[in-house]
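Engineer: Structure supplied as entry_30.pdb; contents: PDB, C-alpha atoms and all ligand atoms.
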```pdb
ATOM      1  CA  MET A 206       5.354  22.511  17.904
ATOM      2  CA  PRO A 207       7.266  20.007  15.682
ATOM      3  CA  LEU A 208       5.680  17.103  13.823
ATOM      4  CA  VAL A 209       4.534  14.531  16.380
ATOM      5  CA  SER A 210       4.533  10.740  16.540
ATOM      6  CA  PRO A 211       1.068   9.205  16.149
ATOM      7  CA  LYS A 212       1.805   6.778  18.995
ATOM      8  CA  GLU A 213       0.245   8.815  21.791
ATOM      9  CA  MET A 214      -2.686   9.880  19.570
ATOM     10  CA  LEU A 215      -3.526   6.253  18.836
ATOM     11  CA  LYS A 216      -3.262   5.196  22.461
ATOM     12  CA  LYS A 217      -5.641   7.946  23.560
ATOM     13  CA  ALA A 218      -8.001   7.044  20.728
ATOM     14  CA  TYR A 219      -8.000   3.386  21.769
ATOM     15  CA  ASP A 220      -8.724   4.264  25.388
ATOM     16  CA  GLY A 221     -11.342   6.848  24.410
ATOM     17  CA  GLY A 222     -13.225   4.672  21.893
ATOM     18  CA  TYR A 223     -12.684   6.969  18.918
ATOM     19  CA  ALA A 224     -10.397   7.028  15.872
ATOM     20  CA  ILE A 225      -7.866   9.435  14.396
ATOM     21  CA  GLY A 226      -8.400  10.512  10.786
ATOM     22  CA  ALA A 227      -5.511   9.735   8.446
ATOM     23  CA  PHE A 228      -6.040  11.832   5.343
ATOM     24  CA  ASN A 229      -4.031  11.491   2.123
ATOM     25  CA  VAL A 230      -2.418  14.677   0.838
ATOM     26  CA  ASN A 231      -1.003  15.578  -2.571
ATOM     27  CA  ASN A 232      -1.189  19.367  -2.776
ATOM     28  CA  LEU A 233      -1.445  22.661  -0.906
ATOM     29  CA  GLU A 234      -5.216  23.115  -1.073
ATOM     30  CA  THR A 235      -5.988  19.652   0.283
ATOM     31  CA  ILE A 236      -3.610  20.156   3.206
ATOM     32  CA  GLN A 237      -5.133  23.568   3.959
ATOM     33  CA  GLY A 238      -8.710  22.239   3.818
ATOM     34  CA  ILE A 239      -7.915  19.350   6.180
ATOM     35  CA  VAL A 240      -5.942  21.477   8.620
ATOM     36  CA  GLU A 241      -8.569  24.248   8.738
ATOM     37  CA  ALA A 242     -11.180  21.630   9.614
ATOM     38  CA  ALA A 243      -8.999  20.092  12.341
ATOM     39  CA  LYS A 244      -8.263  23.515  13.804
ATOM     40  CA  GLU A 245     -11.941  24.352  14.109
ATOM     41  CA  GLU A 246     -12.757  20.947  15.555
ATOM     42  CA  LYS A 247      -9.672  20.761  17.799
ATOM     43  CA  ALA A 248      -8.678  17.384  16.397
ATOM     44  CA  PRO A 249      -5.266  15.695  16.205
ATOM     45  CA  LEU A 250      -4.324  14.738  12.655
ATOM     46  CA  ILE A 251      -2.370  12.225  10.632
ATOM     47  CA  LEU A 252      -1.447  13.525   7.181
ATOM     48  CA  GLN A 253      -0.285  10.723   4.944
ATOM     49  CA  VAL A 254       1.717  10.657   1.741
ATOM     50  CA  SER A 255       1.642   7.724  -0.669
ATOM     51  CA  LYS A 256       4.355   6.673  -3.088
ATOM     52  CA  GLY A 257       2.162   8.159  -5.832
ATOM     53  CA  ALA A 258       1.833  11.451  -3.937
ATOM     54  CA  ARG A 259       5.585  11.610  -3.553
ATOM     55  CA  ALA A 260       6.061  11.018  -7.262
ATOM     56  CA  TYR A 261       3.441  13.670  -8.084
ATOM     57  CA  ALA A 262       4.466  16.460  -5.723
ATOM     58  CA  ASN A 263       8.011  15.562  -4.673
ATOM     59  CA  SER A 264       8.612  14.529  -1.075
ATOM     60  CA  ILE A 265      10.350  17.784  -0.142
ATOM     61  CA  TYR A 266       7.420  19.941  -1.238
ATOM     62  CA  LEU A 267       4.965  17.799   0.697
ATOM     63  CA  LYS A 268       7.146  17.692   3.800
ATOM     64  CA  LYS A 269       7.558  21.499   3.753
ATOM     65  CA  LEU A 270       3.823  22.024   3.186
ATOM     66  CA  VAL A 271       3.021  19.800   6.147
ATOM     67  CA  GLU A 272       5.624  21.609   8.262
ATOM     68  CA  ALA A 273       3.983  24.907   7.286
ATOM     69  CA  ALA A 274       0.628  23.460   8.393
ATOM     70  CA  VAL A 275       2.122  22.523  11.765
ATOM     71  CA  GLU A 276       3.652  25.973  12.239
ATOM     72  CA  GLU A 277       0.523  27.821  11.182
ATOM     73  CA  SER A 278      -2.006  25.674  13.073
ATOM     74  CA  ASN A 279      -0.045  24.584  16.145
ATOM     75  CA  LEU A 280      -1.980  21.307  15.956
ATOM     76  CA  PRO A 281      -0.489  17.902  16.803
ATOM     77  CA  ILE A 282       0.147  16.566  13.290
ATOM     78  CA  ALA A 283       1.913  13.322  12.364
ATOM     79  CA  LEU A 284       3.422  12.827   8.910
ATOM     80  CA  HIS A 285       2.985   9.249   7.733
ATOM     81  CA  LEU A 286       4.068   7.244   4.684
ATOM     82  CA  ASP A 287       1.027   5.411   3.303
ATOM     83  CA  HIS A 288       1.576   1.972   1.698
ATOM     84  CA  GLY A 289       5.358   1.962   1.696
ATOM     85  CA  ASP A 290       6.184  -0.948  -0.583
ATOM     86  CA  SER A 291       9.874  -1.404   0.240
ATOM     87  CA  TYR A 292      12.466  -1.000   2.954
ATOM     88  CA  GLU A 293      14.204   1.630   0.809
ATOM     89  CA  LEU A 294      11.091   3.801   0.484
ATOM     90  CA  CYS A 295      10.417   3.613   4.232
ATOM     91  CA  LYS A 296      14.053   4.468   4.977
ATOM     92  CA  SER A 297      13.945   7.428   2.638
ATOM     93  CA  CYS A 298      10.826   8.831   4.339
ATOM     94  CA  ILE A 299      12.311   8.257   7.800
ATOM     95  CA  ASP A 300      15.473  10.075   6.687
ATOM     96  CA  ASP A 301      13.253  12.909   5.368
ATOM     97  CA  GLY A 302      11.715  13.372   8.831
ATOM     98  CA  PHE A 303       8.412  11.473   8.598
ATOM     99  CA  THR A 304       7.237  10.516  12.095
ATOM    100  CA  SER A 305       5.536   7.307  10.973
ATOM    101  CA  VAL A 306       5.729   4.861   8.078
ATOM    102  CA  MET A 307       3.633   2.028   6.766
ATOM    103  CA  ILE A 308       5.403  -0.989   5.332
ATOM    104  CA  ASP A 309       2.850  -2.838   3.252
ATOM    105  CA  ALA A 310       4.338  -6.269   2.618
ATOM    106  CA  SER A 311       0.933  -7.939   2.842
ATOM    107  CA  HIS A 312       1.199  -9.380  -0.670
ATOM    108  CA  HIS A 313       4.198 -11.473   0.426
ATOM    109  CA  SER A 314       4.028 -14.729   2.387
ATOM    110  CA  PHE A 315       3.534 -14.498   6.164
ATOM    111  CA  GLU A 316       7.227 -15.176   6.829
ATOM    112  CA  GLU A 317       8.407 -12.691   4.211
ATOM    113  CA  ASN A 318       5.975 -10.054   5.512
ATOM    114  CA  ILE A 319       7.492 -10.589   8.985
ATOM    115  CA  ARG A 320      11.050 -10.350   7.634
ATOM    116  CA  ILE A 321      10.521  -7.125   5.670
ATOM    117  CA  THR A 322       8.407  -5.507   8.393
ATOM    118  CA  SER A 323      10.996  -6.360  11.080
ATOM    119  CA  GLU A 324      13.767  -4.719   9.055
ATOM    120  CA  VAL A 325      11.740  -1.517   8.750
ATOM    121  CA  VAL A 326      10.831  -1.617  12.457
ATOM    122  CA  LYS A 327      14.512  -1.845  13.405
ATOM    123  CA  TYR A 328      15.516   1.156  11.292
ATOM    124  CA  ALA A 329      12.451   3.187  12.330
ATOM    125  CA  HIS A 330      12.532   2.498  16.068
ATOM    126  CA  ASP A 331      16.223   3.371  16.312
ATOM    127  CA  ARG A 332      15.118   6.821  15.087
ATOM    128  CA  GLY A 333      11.918   7.158  17.136
ATOM    129  CA  VAL A 334       9.620   6.573  14.156
ATOM    130  CA  MET A 335       6.431   4.515  14.415
ATOM    131  CA  VAL A 336       5.635   1.643  12.031
ATOM    132  CA  GLU A 337       2.297   0.378  10.690
ATOM    133  CA  ALA A 338       2.192  -2.961   8.868
ATOM    134  CA  GLU A 339      -0.541  -4.893   7.092
ATOM    135  CA  LEU A 340      -1.827  -8.430   7.453
ATOM    136  CA  GLY A 341      -4.514  -9.605   5.037
ATOM    137  CA  ARG A 342      -5.265  -7.944   1.695
ATOM    138  CA  LEU A 343      -7.873  -5.328   0.775
ATOM    139  CA  ALA A 344      -9.419  -5.329  -2.670
ATOM    140  CA  GLY A 345      -9.319  -2.090  -4.634
ATOM    141  CA  VAL A 346      -7.430   0.109  -7.056
ATOM    142  CA  GLU A 347      -5.382   3.271  -6.485
ATOM    143  CA  ASP A 348      -2.200   4.477  -8.183
ATOM    144  CA  GLU A 349       0.094   2.137  -6.322
ATOM    145  CA  VAL A 350      -2.412  -0.256  -4.775
ATOM    146  CA  ASN A 351      -4.054  -2.685  -7.134
ATOM    147  CA  VAL A 352      -5.663  -5.830  -5.747
ATOM    148  CA  SER A 353      -8.454  -7.714  -7.496
ATOM    149  CA  ASP A 354     -11.445  -9.039  -5.533
ATOM    150  CA  ALA A 355     -10.141 -12.569  -6.069
ATOM    151  CA  ASP A 356      -6.772 -11.713  -4.481
ATOM    152  CA  ALA A 357      -8.264 -10.039  -1.427
ATOM    153  CA  VAL A 358      -8.099 -11.990   1.839
ATOM    154  CA  TYR A 359      -9.463 -11.252   5.284
ATOM    155  CA  THR A 360      -6.925 -11.025   8.075
ATOM    156  CA  ASP A 361      -6.548 -14.296   9.946
ATOM    157  CA  PRO A 362      -6.810 -13.548  13.695
ATOM    158  CA  ASN A 363      -4.671 -16.644  14.398
ATOM    159  CA  GLN A 364      -1.677 -14.905  12.791
ATOM    160  CA  VAL A 365      -2.015 -11.511  14.448
ATOM    161  CA  GLU A 366      -0.407 -12.103  17.842
ATOM    162  CA  GLU A 367       2.618 -13.865  16.342
ATOM    163  CA  PHE A 368       3.009 -11.144  13.695
ATOM    164  CA  VAL A 369       2.871  -8.334  16.247
ATOM    165  CA  LYS A 370       5.288 -10.078  18.638
ATOM    166  CA  ARG A 371       7.857 -11.097  16.045
ATOM    167  CA  THR A 372       7.923  -7.777  14.154
ATOM    168  CA  GLY A 373       7.602  -5.331  17.072
ATOM    169  CA  VAL A 374       5.304  -3.237  14.888
ATOM    170  CA  ASP A 375       3.296  -0.391  16.479
ATOM    171  CA  SER A 376      -0.027  -0.711  14.650
ATOM    172  CA  LEU A 377      -1.626  -3.091  12.191
ATOM    173  CA  ALA A 378      -3.835  -2.561   9.160
ATOM    174  CA  ILE A 379      -6.310  -5.400   8.782
ATOM    175  CA  ALA A 380      -8.669  -6.576   6.058
ATOM    176  CA  ILE A 381     -12.257  -7.011   7.288
ATOM    177  CA  GLY A 382     -14.165  -6.019   4.159
ATOM    178  CA  THR A 383     -13.166  -2.430   3.404
ATOM    179  CA  SER A 384     -11.627  -1.686   0.030
ATOM    180  CA  HIS A 385      -9.680   1.106  -1.664
ATOM    181  CA  GLY A 386     -11.185   3.564  -4.136
ATOM    182  CA  ALA A 387     -14.702   4.834  -4.880
ATOM    183  CA  PHE A 388     -16.160   1.617  -6.322
ATOM    184  CA  LYS A 389     -15.920  -0.686  -3.353
ATOM    185  CA  PHE A 390     -18.881  -3.038  -3.723
ATOM    186  CA  LYS A 391     -21.355  -4.284  -6.251
ATOM    187  CA  GLY A 392     -23.801  -5.383  -3.546
ATOM    188  CA  GLU A 393     -24.036  -4.423   0.115
ATOM    189  CA  ALA A 394     -21.100  -3.368   2.282
ATOM    190  CA  LYS A 395     -20.325  -5.986   4.889
ATOM    191  CA  LEU A 396     -17.625  -5.541   7.521
ATOM    192  CA  ARG A 397     -16.452  -8.597   9.483
ATOM    193  CA  PHE A 398     -16.792  -7.221  13.004
ATOM    194  CA  ASP A 399     -16.412 -10.772  14.263
ATOM    195  CA  ILE A 400     -12.821 -10.794  12.930
ATOM    196  CA  LEU A 401     -12.117  -7.376  14.444
ATOM    197  CA  GLU A 402     -13.470  -8.541  17.804
ATOM    198  CA  GLU A 403     -11.350 -11.680  17.701
ATOM    199  CA  ILE A 404      -8.224  -9.655  16.825
ATOM    200  CA  GLN A 405      -8.959  -7.289  19.703
ATOM    201  CA  LYS A 406      -9.085 -10.300  22.041
ATOM    202  CA  ARG A 407      -5.764 -11.673  20.749
ATOM    203  CA  VAL A 408      -3.873  -8.363  21.078
ATOM    204  CA  PRO A 409      -5.741  -6.295  23.677
ATOM    205  CA  GLY A 410      -4.804  -2.599  23.688
ATOM    206  CA  PHE A 411      -3.045  -2.820  20.325
ATOM    207  CA  PRO A 412      -4.037  -0.166  17.731
ATOM    208  CA  ILE A 413      -5.734  -1.429  14.585
ATOM    209  CA  VAL A 414      -5.909   0.545  11.320
ATOM    210  CA  LEU A 415      -8.690   0.548   8.742
ATOM    211  CA  HIS A 416      -7.750   1.343   5.151
ATOM    212  CA  GLY A 417     -10.215   1.839   2.325
ATOM    213  CA  ALA A 418     -12.616   3.608   4.658
ATOM    214  CA  SER A 419     -14.179   6.301   2.480
ATOM    215  CA  SER A 420     -17.954   6.346   2.558
ATOM    216  CA  VAL A 421     -18.130   7.651  -1.018
ATOM    217  CA  LEU A 422     -20.613  10.315   0.021
ATOM    218  CA  PRO A 423     -23.586  10.320  -2.379
ATOM    219  CA  GLU A 424     -23.760  14.136  -2.476
ATOM    220  CA  TYR A 425     -20.264  14.312  -3.955
ATOM    221  CA  ALA A 426     -20.962  11.549  -6.459
ATOM    222  CA  ALA A 427     -24.157  13.385  -7.466
ATOM    223  CA  MET A 428     -22.247  16.652  -7.860
ATOM    224  CA  ILE A 429     -19.656  15.023 -10.103
ATOM    225  CA  ASN A 430     -22.390  13.357 -12.166
ATOM    226  CA  GLN A 431     -24.373  16.590 -12.460
ATOM    227  CA  TYR A 432     -21.450  18.618 -13.762
ATOM    228  CA  GLY A 433     -20.166  16.395 -16.520
ATOM    229  CA  GLY A 434     -18.369  13.598 -14.672
ATOM    230  CA  SER A 435     -19.320   9.996 -14.142
ATOM    231  CA  MET A 436     -19.369   8.184 -10.828
ATOM    232  CA  ALA A 437     -22.050   5.666 -11.739
ATOM    233  CA  GLY A 438     -21.896   2.666  -9.417
ATOM    234  CA  ALA A 439     -19.691   4.393  -6.813
ATOM    235  CA  LYS A 440     -20.254   2.947  -3.347
ATOM    236  CA  GLY A 441     -18.457   3.166  -0.008
ATOM    237  CA  ILE A 442     -18.514   2.063   3.625
ATOM    238  CA  PRO A 443     -21.589   3.176   5.587
ATOM    239  CA  GLU A 444     -20.655   5.691   8.264
ATOM    240  CA  ASP A 445     -22.324   3.812  11.108
ATOM    241  CA  MET A 446     -20.009   0.854  10.421
ATOM    242  CA  LEU A 447     -16.971   3.127  10.651
ATOM    243  CA  ARG A 448     -18.229   4.621  13.911
ATOM    244  CA  LYS A 449     -18.645   1.124  15.302
ATOM    245  CA  ALA A 450     -15.109   0.142  14.228
ATOM    246  CA  GLY A 451     -13.752   3.320  15.857
ATOM    247  CA  SER A 452     -15.438   2.415  19.138
ATOM    248  CA  MET A 453     -13.605  -0.938  19.017
ATOM    249  CA  ALA A 454      -9.839  -1.467  18.452
ATOM    250  CA  VAL A 455      -9.668   0.632  15.271
ATOM    251  CA  CYS A 456      -7.741   3.813  16.148
ATOM    252  CA  LYS A 457      -6.714   5.093  12.700
ATOM    253  CA  ILE A 458      -9.096   5.375   9.774
ATOM    254  CA  ASN A 459      -7.707   6.142   6.306
ATOM    255  CA  ILE A 460      -9.675   8.450   4.026
ATOM    256  CA  ASP A 461      -8.634   9.528   0.555
ATOM    257  CA  SER A 462     -11.380   8.883  -2.018
ATOM    258  CA  ASP A 463     -13.986  11.056  -0.243
ATOM    259  CA  LEU A 464     -11.568  13.996  -0.333
ATOM    260  CA  ARG A 465     -10.820  13.405  -4.007
ATOM    261  CA  MET A 466     -14.547  13.415  -4.749
ATOM    262  CA  ALA A 467     -15.212  16.573  -2.716
ATOM    263  CA  PHE A 468     -12.370  18.367  -4.483
ATOM    264  CA  THR A 469     -13.425  17.217  -7.962
ATOM    265  CA  GLY A 470     -17.138  17.872  -7.397
ATOM    266  CA  ALA A 471     -16.566  21.445  -6.221
ATOM    267  CA  LEU A 472     -14.109  22.135  -9.003
ATOM    268  CA  ARG A 473     -16.421  20.762 -11.703
ATOM    269  CA  LYS A 474     -19.373  22.765 -10.371
ATOM    270  CA  HIS A 475     -17.370  25.967 -10.244
ATOM    271  CA  LEU A 476     -16.111  25.659 -13.793
ATOM    272  CA  TYR A 477     -19.560  24.700 -15.043
ATOM    273  CA  ASP A 478     -21.143  27.722 -13.332
ATOM    274  CA  ASN A 479     -18.290  30.039 -14.354
ATOM    275  CA  PRO A 480     -17.092  29.006 -17.819
ATOM    276  CA  ALA A 481     -15.029  32.159 -18.220
ATOM    277  CA  HIS A 482     -12.880  31.538 -15.135
ATOM    278  CA  PHE A 483      -9.288  30.511 -15.787
ATOM    279  CA  ASP A 484      -7.506  31.687 -12.644
ATOM    280  CA  PRO A 485      -6.793  28.480 -10.641
ATOM    281  CA  ARG A 486      -7.427  30.383  -7.400
ATOM    282  CA  GLN A 487     -11.046  30.832  -8.466
ATOM    283  CA  TYR A 488     -11.813  27.124  -8.779
ATOM    284  CA  LEU A 489      -9.389  25.869  -6.144
ATOM    285  CA  THR A 490     -11.050  28.031  -3.481
ATOM    286  CA  PRO A 491     -14.379  26.111  -3.529
ATOM    287  CA  ALA A 492     -12.481  22.815  -3.900
ATOM    288  CA  ARG A 493     -10.521  23.587  -0.727
ATOM    289  CA  ALA A 494     -13.698  24.714   1.049
ATOM    290  CA  LEU A 495     -15.486  21.437   0.291
ATOM    291  CA  ILE A 496     -12.487  19.423   1.510
ATOM    292  CA  LYS A 497     -12.759  21.362   4.765
ATOM    293  CA  GLU A 498     -16.491  20.680   5.057
ATOM    294  CA  CYS A 499     -15.951  16.990   4.310
ATOM    295  CA  VAL A 500     -13.179  16.644   6.908
ATOM    296  CA  LYS A 501     -15.209  18.470   9.577
ATOM    297  CA  HIS A 502     -18.028  16.013   8.972
ATOM    298  CA  LYS A 503     -15.645  13.052   9.286
ATOM    299  CA  LEU A 504     -13.953  14.342  12.438
ATOM    300  CA  VAL A 505     -17.227  14.956  14.261
ATOM    301  CA  ASN A 506     -19.656  12.379  12.898
ATOM    302  CA  VAL A 507     -17.490   9.448  11.835
ATOM    303  CA  LEU A 508     -14.231   9.489  13.807
ATOM    304  CA  GLY A 509     -15.341  11.231  17.006
ATOM    305  CA  CYS A 510     -11.895  12.819  17.424
ATOM    306  CA  ASN A 511     -13.101  16.415  17.729
ATOM    307  CA  ASN A 512     -12.205  18.257  20.963
ATOM    308  CA  LYS A 513      -9.442  15.745  21.684
ATOM    309  CA  ILE A 514      -6.513  18.180  22.020
TER     310      ILE A 514
HETATM  311  O1  LIG B 601      -4.634   3.627  -0.475
HETATM  312  C1  LIG B 601      -4.119   4.357  -1.296
HETATM  313  C2  LIG B 601      -4.309   5.822  -1.191
HETATM  314  O2  LIG B 601      -5.631   6.197  -1.495
HETATM  315  C3  LIG B 601      -3.297   6.531  -2.027
HETATM  316  O3  LIG B 601      -3.561   6.362  -3.356
HETATM  317  O4  LIG B 601      -1.484   5.553  -4.437
HETATM  318  O5  LIG B 601      -3.273   6.804  -5.711
HETATM  319  O6  LIG B 601      -1.825   8.016  -4.073
HETATM  320  P1  LIG B 601      -2.445   6.699  -4.472
HETATM  321  P1  LIG B 602     -10.209   5.148   0.429
HETATM  322  O1  LIG B 602      -9.895   4.899  -1.003
HETATM  323  O2  LIG B 602     -11.409   4.376   0.878
HETATM  324  O3  LIG B 602     -10.339   6.596   0.747
HETATM  325  O4  LIG B 602      -8.981   4.582   1.288
HETATM  326  C1  LIG B 602      -7.810   5.321   1.435
HETATM  327  C2  LIG B 602      -6.700   4.547   2.051
HETATM  328  O5  LIG B 602      -6.849   3.463   2.551
HETATM  329  C3  LIG B 602      -5.366   5.153   2.012
HETATM  330  O6  LIG B 602      -4.378   4.292   2.478
HETATM  331 ZN    ZN B 603      -4.770   2.203   2.064
END
```
With the file now loaded, output its structure as structure tokens.

Structural biologist:
Amino acid sequence: MPLVSPKEMLKKAYDGGYAIGAFNVNNLETIQGIVEAAKEEKAPLILQVSKGARAYANSIYLKKLVEAAVEESNLPIALHLDHGDSYELCKSCIDDGFTSVMIDASHHSFEENIRITSEVVKYAHDRGVMVEAELGRLAGVEDEVNVSDADAVYTDPNQVEEFVKRTGVDSLAIAIGTSHGAFKFKGEAKLRFDILEEIQKRVPGFPIVLHGASSVLPEYAAMINQYGGSMAGAKGIPEDMLRKAGSMAVCKINIDSDLRMAFTGALRKHLYDNPAHFDPRQYLTPARALIKECVKHKLVNVLGCNNKI
């Protein structure tokens, strides 16, 4: 089976009241952990590559690793560009064979966001590639995503219908209170389900995407803290809120930080328990295993996309 488009996956998820997991990948072990989990849970997958991941691993390596995952697992897997920040980057990924791209022009004005997104849509659709865009701005910090709390803005439901119509985009990432990274809130997490509900009314049947959706699982934070790291103050989105969003119009949920924490926690523990180990296979094996466990948990208990193929 070749790489697939996420279009059909998202439609089924919308109709079925669940969400597809979109997991960020940077290396072999992460891809293997995610794919092993999806195989056991019979779940469709979106593997996504950021600009930072491309710079780290080189697009060709990542593309070939994902193709190997498809060949080995026979799962429906879509390869998606996460947070494409320019037409050129989206074009390059489309030319490389990605089946989906995100153009994140949300930091521009509404009109400019529409202009840039429409250009990407034209190039992508002519080649059968799906496009995700973003309206509203999430707070948070990652390699290539850096928005302060003050610059974050909730998505305005009044703009959604016009944006979707004028751009022809296939899915839309919205800002309703989630945030990138492992330090999402000082106080309590609060998602604006009222905004999500209103958006669903304005564009019925249209797939919505939630970024910044790691729960920052306390067991991984504790593991990192226990074995020499520091995750003091780390806080994520409660899982029941994500389940609720997935039962509404949210069909794609992006998860990166939880995987990073699982990987790092397992690796730290292994090296702490085995100070004489220096073969990377020794510490990457438990790191990969904890990624798998984490993804299985997400697929079954958070996304509800197990047994959907
Ligand atoms: O939302 C951003 C993703 O977590 C990717 O982060 O830019 O550090 O690869 P990155
Ligand atoms: P987290 O940092 O919450 O995992 O979000 C990841 C994400 O949105 C990738 O685009
Ligand atoms: Zn994101």

Engineer: With all atoms listed in the file counted and 6 Å as the cut-off, give the residues of chain A in contact with ligand LIG 602 (chain B), each with its shortest interatomic distance in Å and the pair that gives it, as CSV.

Structural biologist:
```
residue,atom,partner,partner_atom,distance
A:Asp287,CA,B:LIG602,O6,5.6
A:His385,CA,B:LIG602,O1,3.9
A:Gly386,CA,B:LIG602,O1,3.6
A:His416,CA,B:LIG602,O5,3.5
A:Gly417,CA,B:LIG602,O2,3.2
A:Ala418,CA,B:LIG602,O2,4.0
A:Ser419,CA,B:LIG602,O2,3.7
A:Asn459,CA,B:LIG602,C2,4.7
A:Ile460,CA,B:LIG602,O3,3.8
A:Asp461,CA,B:LIG602,O3,3.4
A:Ser462,CA,B:LIG602,O3,3.7
A:Asp463,CA,B:LIG602,O3,5.8
```

Engineer: Can those selected residues be exported to a file as a PDB file, keeping the file's coordinate frame so that it contains C-alpha atoms?

Structural biologist:
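Once everything was written out, this is part26.pdb:
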```pdb
ATOM      1  CA  ASP A 287       1.027   5.411   3.303  1.00  0.00           C
ATOM      2  CA  HIS A 385      -9.680   1.106  -1.664  1.00  0.00           C
ATOM      3  CA  GLY A 386     -11.185   3.564  -4.136  1.00  0.00           C
ATOM      4  CA  HIS A 416      -7.750   1.343   5.151  1.00  0.00           C
ATOM      5  CA  GLY A 417     -10.215   1.839   2.325  1.00  0.00           C
ATOM      6  CA  ALA A 418     -12.616   3.608   4.658  1.00  0.00           C
ATOM      7  CA  SER A 419     -14.179   6.301   2.480  1.00  0.00           C
ATOM      8  CA  ASN A 459      -7.707   6.142   6.306  1.00  0.00           C
ATOM      9  CA  ILE A 460      -9.675   8.450   4.026  1.00  0.00           C
ATOM     10  CA  ASP A 461      -8.634   9.528   0.555  1.00  0.00           C
ATOM     11  CA  SER A 462     -11.380   8.883  -2.018  1.00  0.00           C
ATOM     12  CA  ASP A 463     -13.986  11.056  -0.243  1.00  0.00           C
TER      13      ASP A 463
END
```

Engineer: Have a look at CA of Val240 in chain A and CA of Leu280 in chain A and let me know their distance in Å, one decimal.

Structural biologist: 8.3 Å

Engineer: As a quick test: using all atoms listed in the file, which residues lie no more than 12 Å away from ligand ZN 603 (chain B)? Give them as a ChimeraX atom specification.

Structural biologist: /A:227-229,253-256,285-290,307-309,311,337-339,342-352,377-380,383-386,414-419,457-462

Engineer: Could you pull the residues within 12 Å of Asp300 in chain A, counting all atoms listed in the file, minus those fewer than 3 positions along the same chain, as a VMD selection string?

Structural biologist: chain A and resid 264 to 265 268 286 293 to 297 303 to 306 328 to 329 331 to 334

Engineer: How far is it from CA of Phe388 in chain A to CA of Asn318 in chain A, in Å with one decimal?

Structural biologist: 27.7 Å

Engineer: Which is closest to Arg259 in chain A among A:Leu233, A:Glu276, A:Asp375, A:Cys298, if we use all atoms listed in the file?

Structural biologist: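 Answer, going by the shortest atom-to-atom distance: A:Cys298.
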
Engineer: Go through A:Phe390, A:Phe468, A:Phe398, A:Tyr477 one by one, measure the shortest atom-to-atom distance of each to Gln431 in chain A using all atoms listed in the file, and give the residue with the smallest value.

Structural biologist: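 Comparing A:Phe390, A:Phe468, A:Phe398, A:Tyr477 against Gln431 in chain A, the winner is A:Tyr477.
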
Engineer: Selected by the PyMOL selection byres (((chain A and resi 494-508) around 8) and not hetatm) in the shown coordinates: which residues, as a VMD selection string?

Structural biologist: chain A and resid 223 to 226 235 237 to 243 246 248 444 to 445 447 to 448 451 458 463 to 464 467 to 468 471 490 to 493 509 to 511

Engineer: What does the structure give for the distance between CA of His312 in chain A and CA of Lys327 in chain A, in Å to one decimal?

Structural biologist: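 Distance between the two atoms: 20.8 Å.
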
Engineer: Which centre and edge lengths in Å to one decimal define the box along x, y and z that fits every listed atom of ligand LIG 601 (chain B) plus 6 Å per side, as AutoDock Vina command-line options?

Structural biologist:
```
--center_x -3.6 --center_y 5.8 --center_z -3.1 --size_x 16.1 --size_y 16.4 --size_z 17.2
```

Engineer: List every protein, DNA or RNA residue that has an atom no more than 12 Å from (-20.4, 13.1, -12.9) in the file's coordinate frame, counting only C-alpha atoms, and report them as a PDB file with C-alpha atoms, in the frame of the given file.

Structural biologist:
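So out38.pdb came out as:
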```
ATOM      1  CA  PRO A 423     -23.586  10.320  -2.379  1.00  0.00           C
ATOM      2  CA  GLU A 424     -23.760  14.136  -2.476  1.00  0.00           C
ATOM      3  CA  TYR A 425     -20.264  14.312  -3.955  1.00  0.00           C
ATOM      4  CA  ALA A 426     -20.962  11.549  -6.459  1.00  0.00           C
ATOM      5  CA  ALA A 427     -24.157  13.385  -7.466  1.00  0.00           C
ATOM      6  CA  MET A 428     -22.247  16.652  -7.860  1.00  0.00           C
ATOM      7  CA  ILE A 429     -19.656  15.023 -10.103  1.00  0.00           C
ATOM      8  CA  ASN A 430     -22.390  13.357 -12.166  1.00  0.00           C
ATOM      9  CA  GLN A 431     -24.373  16.590 -12.460  1.00  0.00           C
ATOM     10  CA  TYR A 432     -21.450  18.618 -13.762  1.00  0.00           C
ATOM     11  CA  GLY A 433     -20.166  16.395 -16.520  1.00  0.00           C
ATOM     12  CA  GLY A 434     -18.369  13.598 -14.672  1.00  0.00           C
ATOM     13  CA  SER A 435     -19.320   9.996 -14.142  1.00  0.00           C
ATOM     14  CA  MET A 436     -19.369   8.184 -10.828  1.00  0.00           C
ATOM     15  CA  ALA A 437     -22.050   5.666 -11.739  1.00  0.00           C
ATOM     16  CA  GLY A 438     -21.896   2.666  -9.417  1.00  0.00           C
ATOM     17  CA  ALA A 439     -19.691   4.393  -6.813  1.00  0.00           C
ATOM     18  CA  MET A 466     -14.547  13.415  -4.749  1.00  0.00           C
ATOM     19  CA  ALA A 467     -15.212  16.573  -2.716  1.00  0.00           C
ATOM     20  CA  THR A 469     -13.425  17.217  -7.962  1.00  0.00           C
ATOM     21  CA  GLY A 470     -17.138  17.872  -7.397  1.00  0.00           C
ATOM     22  CA  ALA A 471     -16.566  21.445  -6.221  1.00  0.00           C
ATOM     23  CA  LEU A 472     -14.109  22.135  -9.003  1.00  0.00           C
ATOM     24  CA  ARG A 473     -16.421  20.762 -11.703  1.00  0.00           C
ATOM     25  CA  LYS A 474     -19.373  22.765 -10.371  1.00  0.00           C
ATOM     26  CA  TYR A 477     -19.560  24.700 -15.043  1.00  0.00           C
TER      27      TYR A 477
END
```

Engineer: Between A:Ile514, A:Met214, A:Leu489, A:Leu401, single out the one closest to Ser452 in chain A, counting all atoms listed in the file.

Structural biologist: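 Between A:Ile514, A:Met214, A:Leu489, A:Leu401, the residue approaching Ser452 in chain A most closely is A:Leu401.
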